[in-house]
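Undergrad: So here's structure.cif, just mmCIF, C-alpha atoms:
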```cif
data_upload
loop_
_atom_site.label_atom_id
_atom_site.label_comp_id
_atom_site.auth_asym_id
_atom_site.auth_seq_id
_atom_site.Cartn_x
_atom_site.Cartn_y
_atom_site.Cartn_z
CA MET A 1 79.92 123.47 148.89
CA GLU A 2 76.12 123.55 148.67
CA LYS A 3 74.66 121.15 146.12
CA ILE A 4 72.65 122.74 143.30
CA TYR A 5 69.43 120.93 142.38
CA LYS A 6 67.90 121.32 138.94
CA THR A 7 64.20 121.16 138.20
CA LEU A 8 62.57 119.10 135.48
CA THR A 9 61.18 120.52 132.25
CA ASP A 10 57.53 119.88 131.43
CA GLN A 11 58.65 117.36 128.80
CA GLU A 12 60.78 115.53 131.34
CA VAL A 13 57.78 115.34 133.68
CA ILE A 14 55.65 113.88 130.89
CA GLN A 15 58.38 111.37 130.07
CA TRP A 16 58.56 110.37 133.73
CA PHE A 17 54.84 109.56 133.74
CA GLU A 18 55.15 107.59 130.53
CA SER A 19 58.06 105.58 131.93
CA ASN A 20 56.90 105.07 135.52
CA LEU A 21 53.13 104.57 135.47
CA PRO A 22 52.37 100.81 135.33
CA VAL A 23 49.48 101.25 132.94
CA GLU A 24 48.30 97.62 133.01
CA ASP A 25 47.80 97.81 136.77
CA TYR A 26 44.97 100.28 136.12
CA ARG A 27 43.19 98.30 133.40
CA ASN A 28 39.45 98.06 134.12
CA GLN A 29 39.99 99.61 137.54
CA SER A 30 38.01 102.48 139.05
CA VAL A 31 40.43 105.13 140.30
CA LEU A 32 39.89 107.89 142.87
CA LEU A 33 42.62 110.48 142.42
CA ILE A 34 43.24 112.38 145.67
CA VAL A 35 44.91 115.78 145.24
CA PRO A 36 45.59 118.89 147.36
CA ASP A 37 43.52 122.05 147.25
CA ALA A 38 44.79 125.46 146.14
CA THR A 39 46.79 126.04 149.35
CA ARG A 40 49.76 124.01 148.08
CA THR A 41 52.22 124.91 145.34
CA ALA A 42 51.90 122.22 142.68
CA PRO A 43 51.80 122.01 138.85
CA LEU A 44 48.51 120.11 138.97
CA PRO A 45 47.36 121.03 135.43
CA LEU A 46 50.42 119.33 133.94
CA LEU A 47 50.31 116.36 136.31
CA PHE A 48 46.57 115.75 136.09
CA SER A 49 46.33 116.08 132.32
CA THR A 50 49.24 113.68 131.83
CA PHE A 51 47.89 111.15 134.34
CA HIS A 52 44.45 111.27 132.74
CA ARG A 53 45.74 111.06 129.18
CA ILE A 54 47.79 107.96 129.90
CA LEU A 55 45.31 106.07 132.06
CA SER A 56 41.84 107.05 130.84
CA PRO A 57 42.04 104.66 127.85
CA VAL A 58 42.48 101.67 130.20
CA ALA A 59 40.84 102.62 133.51
CA LYS A 60 37.16 101.97 134.02
CA ARG A 61 36.75 105.36 135.67
CA ILE A 62 38.88 108.22 137.00
CA ASP A 63 37.39 110.68 139.50
CA VAL A 64 39.03 113.37 141.64
CA LEU A 65 38.62 114.06 145.36
CA ILE A 66 40.09 117.24 146.85
CA ALA A 67 41.88 116.47 150.13
CA LEU A 68 40.55 119.50 151.97
CA GLY A 69 41.06 118.36 155.53
CA THR A 70 38.89 121.04 157.16
CA HIS A 71 39.55 123.73 154.54
CA PRO A 72 36.51 125.32 152.84
CA PRO A 73 35.03 123.42 149.87
CA MET A 74 36.01 124.52 146.39
CA PRO A 75 33.36 125.39 143.76
CA GLU A 76 33.64 123.18 140.67
CA GLN A 77 34.88 126.14 138.64
CA ASP A 78 37.81 126.51 141.06
CA ILE A 79 38.53 122.78 140.98
CA CYS A 80 38.65 122.94 137.19
CA ARG A 81 41.06 125.87 137.39
CA LEU A 82 43.19 123.96 139.91
CA LEU A 83 43.42 120.98 137.55
CA GLY A 84 43.77 123.02 134.36
CA ILE A 85 40.42 121.92 132.91
CA SER A 86 38.95 124.49 130.51
CA GLU A 87 35.21 124.98 130.08
CA SER A 88 35.25 123.23 126.74
CA ALA A 89 37.41 120.34 128.01
CA ARG A 90 34.98 119.83 130.91
CA GLN A 91 32.29 119.13 128.34
CA THR A 92 34.44 116.83 126.21
CA GLU A 93 37.51 114.86 127.33
CA TYR A 94 36.80 115.33 131.07
CA LYS A 95 33.01 115.09 130.96
CA ASP A 96 32.97 111.73 132.77
CA VAL A 97 35.38 112.77 135.54
CA GLY A 98 33.68 113.27 138.90
CA LEU A 99 35.04 116.27 140.83
CA PHE A 100 34.39 116.03 144.57
CA ASN A 101 35.21 117.97 147.72
CA HIS A 102 35.95 116.12 150.95
CA GLU A 103 33.18 116.69 153.51
CA TRP A 104 34.83 116.19 156.89
CA ASP A 105 31.90 117.62 158.86
CA GLN A 106 29.17 115.45 157.27
CA PRO A 107 28.90 112.17 159.24
CA ASP A 108 26.90 110.54 156.45
CA ARG A 109 29.86 111.14 154.11
CA LEU A 110 32.24 109.21 156.38
CA THR A 111 32.81 105.52 156.98
CA GLU A 112 34.58 103.97 159.97
CA LEU A 113 37.61 101.79 159.23
CA GLY A 114 38.53 100.79 162.77
CA ILE A 115 39.78 102.15 166.06
CA LEU A 116 43.15 103.13 167.45
CA THR A 117 43.06 101.58 170.94
CA LYS A 118 44.16 103.19 174.19
CA LYS A 119 47.19 100.92 174.20
CA GLU A 120 48.16 101.99 170.67
CA THR A 121 47.75 105.71 171.30
CA ARG A 122 49.72 105.45 174.56
CA GLU A 123 52.57 103.61 172.81
CA ILE A 124 52.64 105.87 169.74
CA SER A 125 52.52 109.08 171.77
CA GLU A 126 55.02 107.82 174.36
CA GLY A 127 52.45 108.41 177.06
CA LEU A 128 51.37 111.92 176.07
CA LEU A 129 47.84 110.75 175.19
CA GLU A 130 45.88 107.61 175.97
CA MET A 131 42.45 107.27 174.39
CA GLU A 132 40.41 105.35 171.85
CA VAL A 133 40.22 107.14 168.51
CA PRO A 134 37.81 106.06 165.76
CA VAL A 135 39.40 106.11 162.32
CA THR A 136 36.94 107.44 159.74
CA ILE A 137 37.44 108.36 156.11
CA ASN A 138 35.42 109.77 153.21
CA SER A 139 32.86 107.10 152.31
CA ARG A 140 33.48 107.57 148.58
CA VAL A 141 36.54 105.35 148.89
CA LYS A 142 34.19 102.35 149.00
CA ASP A 143 33.27 102.99 145.35
CA TYR A 144 36.80 102.59 143.92
CA ASP A 145 39.37 99.87 143.35
CA ILE A 146 42.44 102.12 143.54
CA LEU A 147 43.02 105.17 145.74
CA GLN A 148 45.67 107.25 143.97
CA ILE A 149 47.37 110.05 145.90
CA MET A 150 49.11 112.77 143.91
CA GLY A 151 50.62 115.60 145.94
CA PRO A 152 53.75 117.44 147.10
CA VAL A 153 55.94 116.82 150.13
CA PHE A 154 57.11 119.69 152.35
CA PRO A 155 58.34 120.04 155.94
CA HIS A 156 55.17 120.09 158.05
CA GLU A 157 54.41 121.46 161.50
CA VAL A 158 52.16 118.61 162.69
CA VAL A 159 53.46 115.45 161.05
CA GLY A 160 57.11 116.30 160.27
CA PHE A 161 56.87 116.11 156.48
CA SER A 162 53.59 116.36 154.58
CA GLY A 163 52.43 114.09 151.78
CA GLY A 164 51.93 110.36 151.36
CA SER A 165 49.21 108.93 153.57
CA LYS A 166 48.61 112.38 155.04
CA TYR A 167 46.32 112.79 152.02
CA PHE A 168 44.11 110.19 153.70
CA PHE A 169 44.51 111.52 157.24
CA PRO A 170 43.62 114.35 157.66
CA GLY A 171 43.12 115.00 153.91
CA ILE A 172 39.92 112.94 153.59
CA SER A 173 39.37 111.85 157.20
CA GLY A 174 36.79 112.54 159.85
CA PRO A 175 37.33 114.97 162.74
CA ASP A 176 38.20 112.56 165.58
CA LEU A 177 41.53 111.39 164.22
CA LEU A 178 42.30 114.87 162.89
CA ASN A 179 41.80 116.47 166.30
CA PHE A 180 43.75 113.73 168.05
CA PHE A 181 46.92 113.86 166.04
CA HIS A 182 46.97 117.64 165.60
CA TRP A 183 46.94 117.98 169.38
CA LEU A 184 49.59 115.29 169.68
CA GLY A 185 51.74 117.35 167.32
CA ALA A 186 51.07 120.47 169.40
CA LEU A 187 52.13 118.71 172.61
CA ILE A 188 55.41 117.76 170.95
CA THR A 189 55.58 121.37 169.56
CA ASN A 190 56.14 122.71 166.09
CA VAL A 191 59.86 123.21 166.62
CA GLY A 192 60.19 119.67 167.95
CA ILE A 193 58.44 118.01 165.02
CA ILE A 194 58.74 120.10 161.83
CA GLY A 195 61.21 118.73 159.32
CA VAL A 196 61.66 115.48 161.27
CA LYS A 197 60.99 112.49 159.05
CA HIS A 198 59.79 109.84 161.49
CA THR A 199 57.46 111.23 164.14
CA PRO A 200 54.71 109.88 166.41
CA VAL A 201 52.13 111.71 164.30
CA ARG A 202 53.41 110.04 161.10
CA GLU A 203 53.04 106.71 162.90
CA VAL A 204 49.39 107.56 163.67
CA VAL A 205 48.86 108.34 159.98
CA ASN A 206 50.55 105.14 158.83
CA ARG A 207 48.64 102.88 161.22
CA SER A 208 45.36 104.46 160.20
CA ALA A 209 46.18 104.11 156.50
CA ALA A 210 46.88 100.41 157.01
CA MET A 211 43.17 100.01 157.83
CA ILE A 212 42.12 101.14 154.34
CA PRO A 213 41.22 97.98 152.36
CA ASN A 214 41.62 99.51 148.87
CA GLU A 215 44.69 99.26 146.68
CA LYS A 216 46.72 102.39 147.47
CA ARG A 217 49.10 104.09 145.05
CA CYS A 218 50.98 107.36 145.35
CA ILE A 219 52.77 109.91 143.21
CA THR A 220 54.79 112.32 145.33
CA PHE A 221 56.88 115.24 144.18
CA VAL A 222 59.18 117.93 145.50
CA VAL A 223 58.33 121.36 144.18
CA ALA A 224 60.12 124.69 143.67
CA PRO A 225 58.43 128.05 144.45
CA ASP A 226 57.60 128.48 140.73
CA SER A 227 55.80 125.07 140.68
CA SER A 228 58.55 123.30 138.74
CA LEU A 229 59.59 119.91 140.12
CA TYR A 230 62.88 118.68 141.52
CA GLY A 231 61.76 115.06 141.58
CA LEU A 232 58.84 112.65 141.16
CA TYR A 233 58.29 109.29 142.85
CA TYR A 234 55.80 106.48 142.30
CA GLY A 235 54.96 103.62 144.65
CA THR A 236 52.98 102.88 147.77
CA PRO A 237 52.06 105.91 149.87
CA LYS A 238 54.87 104.95 152.26
CA SER A 239 57.63 104.25 149.74
CA ALA A 240 56.89 107.23 147.49
CA TRP A 241 56.67 109.50 150.54
CA GLU A 242 59.95 108.19 151.99
CA SER A 243 61.84 109.12 148.83
CA ALA A 244 60.22 112.54 148.47
CA ALA A 245 60.74 113.40 152.15
CA ASP A 246 64.46 112.64 151.80
CA LEU A 247 64.71 115.06 148.87
CA SER A 248 62.48 117.67 150.53
CA GLY A 249 64.82 117.57 153.53
CA GLN A 250 67.62 118.65 151.21
CA ILE A 251 65.65 121.18 149.15
CA HIS A 252 63.20 122.76 151.57
CA ILE A 253 65.31 123.33 154.69
CA LYS A 254 67.42 126.49 154.79
CA ARG A 255 70.03 126.68 157.52
CA MET A 256 70.89 130.07 158.94
CA ALA A 257 74.01 131.03 160.89
CA GLN A 258 72.25 133.08 163.56
CA PRO A 259 68.74 133.89 164.83
CA PHE A 260 66.96 137.08 163.77
CA LYS A 261 65.41 139.76 165.95
CA GLN A 262 62.80 140.56 163.28
CA VAL A 263 61.40 138.45 160.42
CA LEU A 264 59.04 139.69 157.72
CA SER A 265 57.29 136.53 156.57
CA CYS A 266 55.31 137.27 153.39
CA ALA A 267 52.23 135.12 152.82
CA PRO A 268 51.53 134.13 149.20
CA LEU A 269 48.05 134.83 147.81
CA MET A 270 47.08 131.15 148.17
CA TYR A 271 47.12 131.68 151.95
CA ASP A 272 43.92 133.68 152.14
CA GLU A 273 43.12 133.01 155.81
CA LEU A 274 45.24 132.71 158.93
CA TRP A 275 44.31 129.02 159.23
CA VAL A 276 46.80 128.38 156.39
CA ALA A 277 48.91 131.55 156.63
CA GLY A 278 50.03 130.28 160.02
CA LYS A 279 52.63 128.36 157.99
CA CYS A 280 54.46 131.68 157.71
CA MET A 281 55.12 131.32 161.46
CA TYR A 282 55.59 127.55 161.60
CA LYS A 283 58.39 127.52 159.02
CA LEU A 284 60.25 130.52 160.49
CA GLU A 285 59.84 130.12 164.25
CA PRO A 286 63.11 128.17 164.66
CA VAL A 287 65.21 131.16 163.50
CA VAL A 288 63.48 133.94 165.44
CA ALA A 289 65.57 135.10 168.40
CA ASP A 290 64.19 134.99 171.92
CA GLY A 291 62.08 138.13 172.32
CA GLY A 292 62.13 138.73 168.59
CA GLU A 293 59.21 139.57 166.31
CA LEU A 294 57.77 137.65 163.41
CA ILE A 295 55.42 139.64 161.15
CA ILE A 296 52.99 137.71 158.97
CA TYR A 297 52.67 140.13 156.07
CA ALA A 298 49.45 139.33 154.21
CA PRO A 299 47.75 142.51 152.95
CA HIS A 300 45.28 140.35 150.99
CA MET A 301 44.12 138.33 154.02
CA LYS A 302 40.71 139.14 155.52
CA GLU A 303 39.82 136.05 157.54
CA ILE A 304 41.13 134.13 160.52
CA SER A 305 39.33 131.05 159.22
CA ILE A 306 36.13 130.71 157.23
CA THR A 307 35.43 127.34 158.84
CA HIS A 308 36.82 127.77 162.35
CA GLY A 309 36.97 131.55 162.87
CA SER A 310 34.33 131.85 165.59
CA LEU A 311 35.97 129.16 167.72
CA ILE A 312 39.43 130.66 167.27
CA GLU A 313 38.07 134.03 168.38
CA GLN A 314 36.81 132.38 171.57
CA VAL A 315 40.11 130.61 172.27
CA GLY A 316 42.66 133.12 170.97
CA TYR A 317 46.29 132.32 170.18
CA HIS A 318 48.35 130.99 173.07
CA VAL A 319 51.41 128.93 173.92
CA ARG A 320 50.93 125.23 174.60
CA ASP A 321 51.18 125.45 178.38
CA TYR A 322 48.42 128.06 178.51
CA PHE A 323 46.11 125.21 177.51
CA THR A 324 47.71 122.27 179.30
CA LYS A 325 47.82 124.10 182.64
CA GLN A 326 44.15 125.14 182.29
CA TRP A 327 42.98 121.95 180.61
CA ASP A 328 39.55 121.76 182.22
CA GLN A 329 38.75 125.15 180.69
CA PHE A 330 39.75 124.18 177.14
CA LYS A 331 39.47 120.40 176.72
CA LYS A 332 35.98 120.59 175.23
CA TYR A 333 37.11 122.71 172.28
CA PRO A 334 38.10 120.81 169.12
CA TRP A 335 41.72 119.87 169.69
CA GLY A 336 42.63 120.83 166.14
CA ILE A 337 41.67 124.42 167.03
CA LEU A 338 43.91 124.36 170.09
CA ALA A 339 46.75 122.89 168.05
CA HIS A 340 46.46 125.60 165.41
CA SER A 341 46.40 128.22 168.16
CA THR A 342 49.60 127.11 169.83
CA HIS A 343 51.41 126.44 166.54
CA VAL A 344 50.80 130.05 165.44
CA ARG A 345 51.68 131.50 168.85
CA GLY A 346 54.82 129.43 169.14
CA THR A 347 56.74 128.18 172.14
CA GLY A 348 56.70 129.81 175.53
CA SER A 349 55.62 129.27 179.12
CA PHE A 350 52.65 129.88 181.40
CA THR A 351 53.49 130.43 185.05
CA ASP A 352 51.48 131.93 187.91
CA GLY A 353 48.69 132.83 185.50
CA VAL A 354 50.98 134.79 183.19
CA GLU A 355 51.78 133.79 179.61
CA HIS A 356 55.32 134.28 178.33
CA PRO A 357 55.57 133.68 174.57
CA ARG A 358 59.12 133.34 173.26
CA VAL A 359 58.30 135.33 170.10
CA GLN A 360 56.02 138.28 169.34
CA VAL A 361 53.71 137.35 166.45
CA THR A 362 52.28 140.31 164.53
CA LEU A 363 49.66 140.32 161.77
CA ALA A 364 49.91 142.83 158.95
CA SER A 365 46.67 142.07 157.13
CA GLN A 366 43.07 143.24 156.79
CA ILE A 367 42.26 141.72 160.16
CA SER A 368 41.50 144.68 162.42
CA PRO A 369 43.62 145.90 165.35
CA GLU A 370 40.70 145.16 167.67
CA LEU A 371 40.40 141.57 166.51
CA CYS A 372 44.17 141.06 166.67
CA GLU A 373 44.11 142.23 170.28
CA LYS A 374 41.17 139.93 171.04
CA ILE A 375 42.98 136.87 169.69
CA ASN A 376 46.26 137.79 171.42
CA LEU A 377 48.33 138.74 168.36
CA GLY A 378 50.05 141.99 167.47
CA TYR A 379 48.86 144.31 164.70
CA ARG A 380 50.64 146.31 162.03
CA ASP A 381 48.99 148.29 159.24
CA PRO A 382 50.24 146.53 156.09
CA ASN A 383 50.32 149.90 154.30
CA SER A 384 52.96 151.03 156.78
CA ILE A 385 55.36 148.29 155.72
CA ASP A 386 57.87 148.80 152.93
CA VAL A 387 58.83 145.23 152.09
CA GLU A 388 62.04 146.24 150.35
CA SER A 389 63.27 148.00 153.47
CA PHE A 390 63.64 144.55 155.06
CA ALA A 391 65.78 143.17 152.23
CA ASN A 392 69.48 142.31 152.57
CA ARG A 393 69.67 143.08 156.27
CA GLU A 394 70.54 139.65 157.65
CA GLU A 395 73.72 140.97 159.26
CA GLU A 396 71.55 143.42 161.22
CA GLY A 397 69.38 140.56 162.45
CA ILE A 398 66.49 141.27 160.07
CA LEU A 399 65.23 138.61 157.63
CA LEU A 400 62.88 139.00 154.67
CA VAL A 401 61.17 135.88 153.30
CA ARG A 402 59.26 136.80 150.16
CA LYS A 403 57.22 133.60 149.76
CA ALA A 404 56.90 132.06 153.18
CA GLY A 405 55.19 128.87 154.24
CA GLU A 406 56.90 126.09 152.30
CA HIS A 407 60.61 126.34 153.11
CA LEU A 408 61.63 125.55 156.68
CA TYR A 409 64.28 127.79 158.25
CA ARG A 410 66.54 126.28 160.89
CA LEU A 411 69.65 127.35 162.70
CA LYS A 412 72.84 125.57 161.68
CA ASN A 413 73.80 122.69 163.98
CA SER A 414 70.24 122.44 165.30
#
```
What would the structure in this file look like if it were written as structure tokens?
TA:
Amino acid sequence: MEKIYKTLTDQEVIQWFESNLPVEDYRNQSVLLIVPDATRTAPLPLLFSTFHRILSPVAKRIDVLIALGTHPPMPEQDICRLLGISESARQTEYKDVGLFNHEWDQPDRLTELGILTKKETREISEGLLEMEVPVTINSRVKDYDILQIMGPVFPHEVVGFSGGSKYFFPGISGPDLLNFFHWLGALITNVGIIGVKHTPVREVVNRSAAMIPNEKRCITFVVAPDSSLYGLYYGTPKSAWESAADLSGQIHIKRMAQPFKQVLSCAPLMYDELWVAGKCMYKLEPVVADGGELIIYAPHMKEISITHGSLIEQVGYHVRDYFTKQWDQFKKYPWGILAHSTHVRGTGSFTDGVEHPRVQVTLASQISPELCEKINLGYRDPNSIDVESFANREEEGILLVRKAGEHLYRLKNS
């Protein structure tokens, strides 16, 4: 019998903070709170306001850094909305809180912590990659005593499970490490890594985080689609993540009896570009039948990627071996772009100059048919799709996922 998990009330969340935050540890300390951007489901207004209320009387300073990775920067108005800060509160109780975006592409905003050696990368990757990788991070960390992560944990296509020290790398890291471990994840493949707790990429993240000299604290949580919480954990980035990943593995993985010939994967509004809406493929690929079709249904989506769109248009979306067997042609592109490409396209083969994807990936969005063809994806007019016509047809081999991107779907016994 499947276990039923209950979520916490807002009052229970507040009580958890009051019981679990070691307030004296923050006395006279400057705190940099690192949180996700708007592409993750999280009740940040409740969590941030409670954290700030409890600790602002004792901490010397509390500022916020948005762990963008390479996502577009958020205007301050949007950051305030994300954190639940009203216009009046910004001028009063939160007037001294610094609100910062990570700037991954500004070298003067980064500081080098150390280097992953060739020997380390060879060992971690089990021989897939061997290279020196500089470990850089947002230079603001030098101004704070405590780096405080606060973010959700989900199954993740690159690292296995998100959260924990992933908020440092790639959340507030420089591009070298980001490109390295995204490509490492792509070589292992999405299906081979997603929903696996201990992975080579997580080891890269952990070793890099060990180079950070600051005190590091972490609040992780496991979230329901409506932003309510199944559980909260406090500790080091590693210990808090371990506990949340265990629970996420129970909550966020749905096991299906058979593969599906067609999947309608509906992107929530927070996925406003394919760079993040690709999660609608990552989380469903394991249950699409060979030769089946996965439709990313996102009628609101206009962009491939605001930051990386031009490069993705040059590269297109292809299976891993399309790149590895033509490496000289593609190795100079940012490896994070190549990783995104093959994660969205999914598994397949490339033989005798012909690409054979296992799954047909179709976009139903505002991205034009011509551009879809250029980037090697299928096109459907979103207005031609009646979402409800896909409902309750699992026995026919058709699956509807109304809010895709956060729950991982796997076949039973896989």
Undergrad: Which residues of range 200-228 of chain A come within 10 Å of range 108-124 of chain A, and what is each one's closest atom pair and distance in Å (one decimal), counting only C-alpha atoms, sorted by chain and residue number, as CSV?
TA:
```
residue,atom,partner,partner_atom,distance
A:Pro200,CA,A:Ile124,CA,5.6
A:Val201,CA,A:Ile124,CA,8.0
A:Arg202,CA,A:Ile124,CA,9.6
A:Glu203,CA,A:Ile124,CA,6.9
A:Val204,CA,A:Ile124,CA,7.1
A:Arg207,CA,A:Leu116,CA,8.3
A:Ser208,CA,A:Leu116,CA,7.7
A:Ala209,CA,A:Leu113,CA,9.3
A:Ala210,CA,A:Leu113,CA,9.6
A:Met211,CA,A:Leu113,CA,6.0
A:Ile212,CA,A:Leu113,CA,6.7
A:Pro213,CA,A:Leu113,CA,8.6
```
Undergrad: Using all atoms listed in the file, which of the listed residues (A:Asn392, A:Ser49, A:Thr70, A:Gln360) sits closest to Gly378 in chain A?
TA: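 Going through A:Asn392, A:Ser49, A:Thr70, A:Gln360 one by one, the smallest distance to Gly378 in chain A is for A:Gln360.
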Undergrad: Taking all atoms listed in the file into account, name the residue in A:Ile219, A:Pro382, A:Asp78, A:Gly69 that is nearest to Phe169 in chain A.
TA: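 That would be A:Gly69, the residue with the smallest distance to Phe169 in chain A.
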Undergrad: Tell me, as a VMD selection string, which residues lie within 12 Å of range 9-17 of chain A, counting all atoms listed in the file; anything in the same chain fewer than 2 positions away does not count.
TA: chain A and resid 6 to 7 19 to 23 43 to 55 219 to 221 227 to 234
Undergrad: I'd like to know which of A:Ser341, A:Gln258, A:Ser248, A:Asn179 is closest to Ile375 in chain A, using only C-alpha atoms.
TA: A:Ser341
Undergrad: Identify all residues satisfying the PyMOL selection byres ((chain A and resi 414) around 12) in the given file; provide them as a PDB file with C-alpha atoms, in the frame of the given file.
TA:
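Output below, filename part.pdb:
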```
ATOM      1  CA  VAL A 191      59.860 123.210 166.620  1.00  0.00           C
ATOM      2  CA  GLY A 192      60.190 119.670 167.950  1.00  0.00           C
ATOM      3  CA  GLY A 195      61.210 118.730 159.320  1.00  0.00           C
ATOM      4  CA  VAL A 196      61.660 115.480 161.270  1.00  0.00           C
ATOM      5  CA  ILE A 253      65.310 123.330 154.690  1.00  0.00           C
ATOM      6  CA  LYS A 254      67.420 126.490 154.790  1.00  0.00           C
ATOM      7  CA  ARG A 255      70.030 126.680 157.520  1.00  0.00           C
ATOM      8  CA  MET A 256      70.890 130.070 158.940  1.00  0.00           C
ATOM      9  CA  ALA A 257      74.010 131.030 160.890  1.00  0.00           C
ATOM     10  CA  GLN A 258      72.250 133.080 163.560  1.00  0.00           C
ATOM     11  CA  PRO A 259      68.740 133.890 164.830  1.00  0.00           C
ATOM     12  CA  PRO A 286      63.110 128.170 164.660  1.00  0.00           C
ATOM     13  CA  VAL A 287      65.210 131.160 163.500  1.00  0.00           C
ATOM     14  CA  TYR A 409      64.280 127.790 158.250  1.00  0.00           C
ATOM     15  CA  ARG A 410      66.540 126.280 160.890  1.00  0.00           C
ATOM     16  CA  LEU A 411      69.650 127.350 162.700  1.00  0.00           C
ATOM     17  CA  LYS A 412      72.840 125.570 161.680  1.00  0.00           C
ATOM     18  CA  ASN A 413      73.800 122.690 163.980  1.00  0.00           C
TER      19      ASN A 413
END
```
Undergrad: Between A:Phe181, A:Trp104, A:Phe161, A:Tyr317, which residue has the minimum interatomic distance to Ile137 in chain A, considering all atoms listed in the file?
TA: A:Trp104
Undergrad: Can you sort out the box for range 301-306 of chain A, edges along x, y and z, all listed atoms in, 4 Å on every side, with centre and edge lengths in Å to one decimal, as JSON?
TA:
```
{"center_x": 40.1, "center_y": 134.9, "center_z": 157.3, "size_x": 16.0, "size_y": 16.4, "size_z": 14.5}
```
Undergrad: Let me make sure I understand: among A:Ala267, A:Ile194, A:Leu377, A:Ile146, which one has the smallest atom-to-atom distance to Ala245 in chain A if we use all atoms listed in the file?
TA: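 Closest to Ala245 in chain A, using all atoms listed in the file: A:Ile194.
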Undergrad: Enumerate, as a list in words, the residues matched when the PyMOL selection byres ((chain A and resi 59) around 10) is run on the file above.
TA: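 Answer for the PyMOL selection byres ((chain A and resi 59) around 10): Val23, Glu24, Asp25, Tyr26, Arg27, Asn28, Gln29, Ser30, Val31, His52, Ile54, Leu55, Ser56, Pro57, Val58, Lys60, Arg61 and Ile62 of chain A.
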Undergrad: For this structure, which residues satisfy the selection - the PyMOL selection byres ((chain A and resi 304) around 9) - when it is evaluated on the file as given? I want them as a ChimeraX atom specification.
TA: /A:272-275,301-303,305-306,308-310,312-313,367
Undergrad: Skip Gln250 in chain A itself and residues of its chain fewer than 6 positions away, then list as a PyMOL selection string all residues within 10 Å of it, counting all atoms listed in the file.
TA: chain A and resi 3+5+244
Undergrad: Measuring between all atoms listed in the file, which one of A:Gly405, A:Pro334, A:Pro299, A:Pro237 shows the shortest distance to Leu284 in chain A?
TA: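 Closest to Leu284 in chain A, using all atoms listed in the file: A:Gly405.
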Undergrad: Just how far from CA of Thr342 in chain A is CA of Gly291 in chain A, in Å to one decimal?
TA: 16.8 Å
Undergrad: Please provide the set of residues having any atom within 12 Å of Ala38 in chain A, restricted to all atoms listed in the file, with same-chain residues fewer than 2 positions apart removed, written as an mmCIF file with C-alpha atoms, keeping the file's coordinate frame.
TA:
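Once everything was written out, this is result_30.cif:
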```cif
data_model
loop_
_atom_site.group_PDB
_atom_site.id
_atom_site.type_symbol
_atom_site.label_atom_id
_atom_site.label_comp_id
_atom_site.auth_asym_id
_atom_site.auth_seq_id
_atom_site.Cartn_x
_atom_site.Cartn_y
_atom_site.Cartn_z
ATOM 1 C CA VAL A 35 44.910 115.780 145.240
ATOM 2 C CA PRO A 36 45.590 118.890 147.360
ATOM 3 C CA ARG A 40 49.760 124.010 148.080
ATOM 4 C CA THR A 41 52.220 124.910 145.340
ATOM 5 C CA ALA A 42 51.900 122.220 142.680
ATOM 6 C CA PRO A 43 51.800 122.010 138.850
ATOM 7 C CA LEU A 44 48.510 120.110 138.970
ATOM 8 C CA PRO A 45 47.360 121.030 135.430
ATOM 9 C CA ILE A 66 40.090 117.240 146.850
ATOM 10 C CA ALA A 67 41.880 116.470 150.130
ATOM 11 C CA LEU A 68 40.550 119.500 151.970
ATOM 12 C CA HIS A 71 39.550 123.730 154.540
ATOM 13 C CA PRO A 72 36.510 125.320 152.840
ATOM 14 C CA PRO A 73 35.030 123.420 149.870
ATOM 15 C CA MET A 74 36.010 124.520 146.390
ATOM 16 C CA PRO A 75 33.360 125.390 143.760
ATOM 17 C CA ASP A 78 37.810 126.510 141.060
ATOM 18 C CA ILE A 79 38.530 122.780 140.980
ATOM 19 C CA CYS A 80 38.650 122.940 137.190
ATOM 20 C CA ARG A 81 41.060 125.870 137.390
ATOM 21 C CA LEU A 82 43.190 123.960 139.910
ATOM 22 C CA LEU A 83 43.420 120.980 137.550
ATOM 23 C CA GLY A 151 50.620 115.600 145.940
ATOM 24 C CA PRO A 268 51.530 134.130 149.200
ATOM 25 C CA LEU A 269 48.050 134.830 147.810
ATOM 26 C CA MET A 270 47.080 131.150 148.170
ATOM 27 C CA TYR A 271 47.120 131.680 151.950
ATOM 28 C CA ASP A 272 43.920 133.680 152.140
ATOM 29 C CA VAL A 276 46.800 128.380 156.390
#
```
Undergrad: Please list, as JSON, numbers by chain, the residues that have an atom at most 8 Å away from (40.0, 114.8, 142.2) in the coordinates of this file, counting all atoms listed in the file.
TA: {"A": [32, 33, 34, 35, 63, 64, 65, 66, 98, 99, 100, 101]}
Undergrad: Which value, in Å to one decimal, gives the distance between CA of Arg217 in chain A and CA of Glu132 in chain A?
TA: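 One can read the CA of Arg217 in chain A to CA of Glu132 in chain A distance as 28.2 Å.
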Undergrad: In Å, how far is it from CA of Pro134 in chain A to CA of Met150 in chain A?
TA: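 A separation of 25.5 Å between them.
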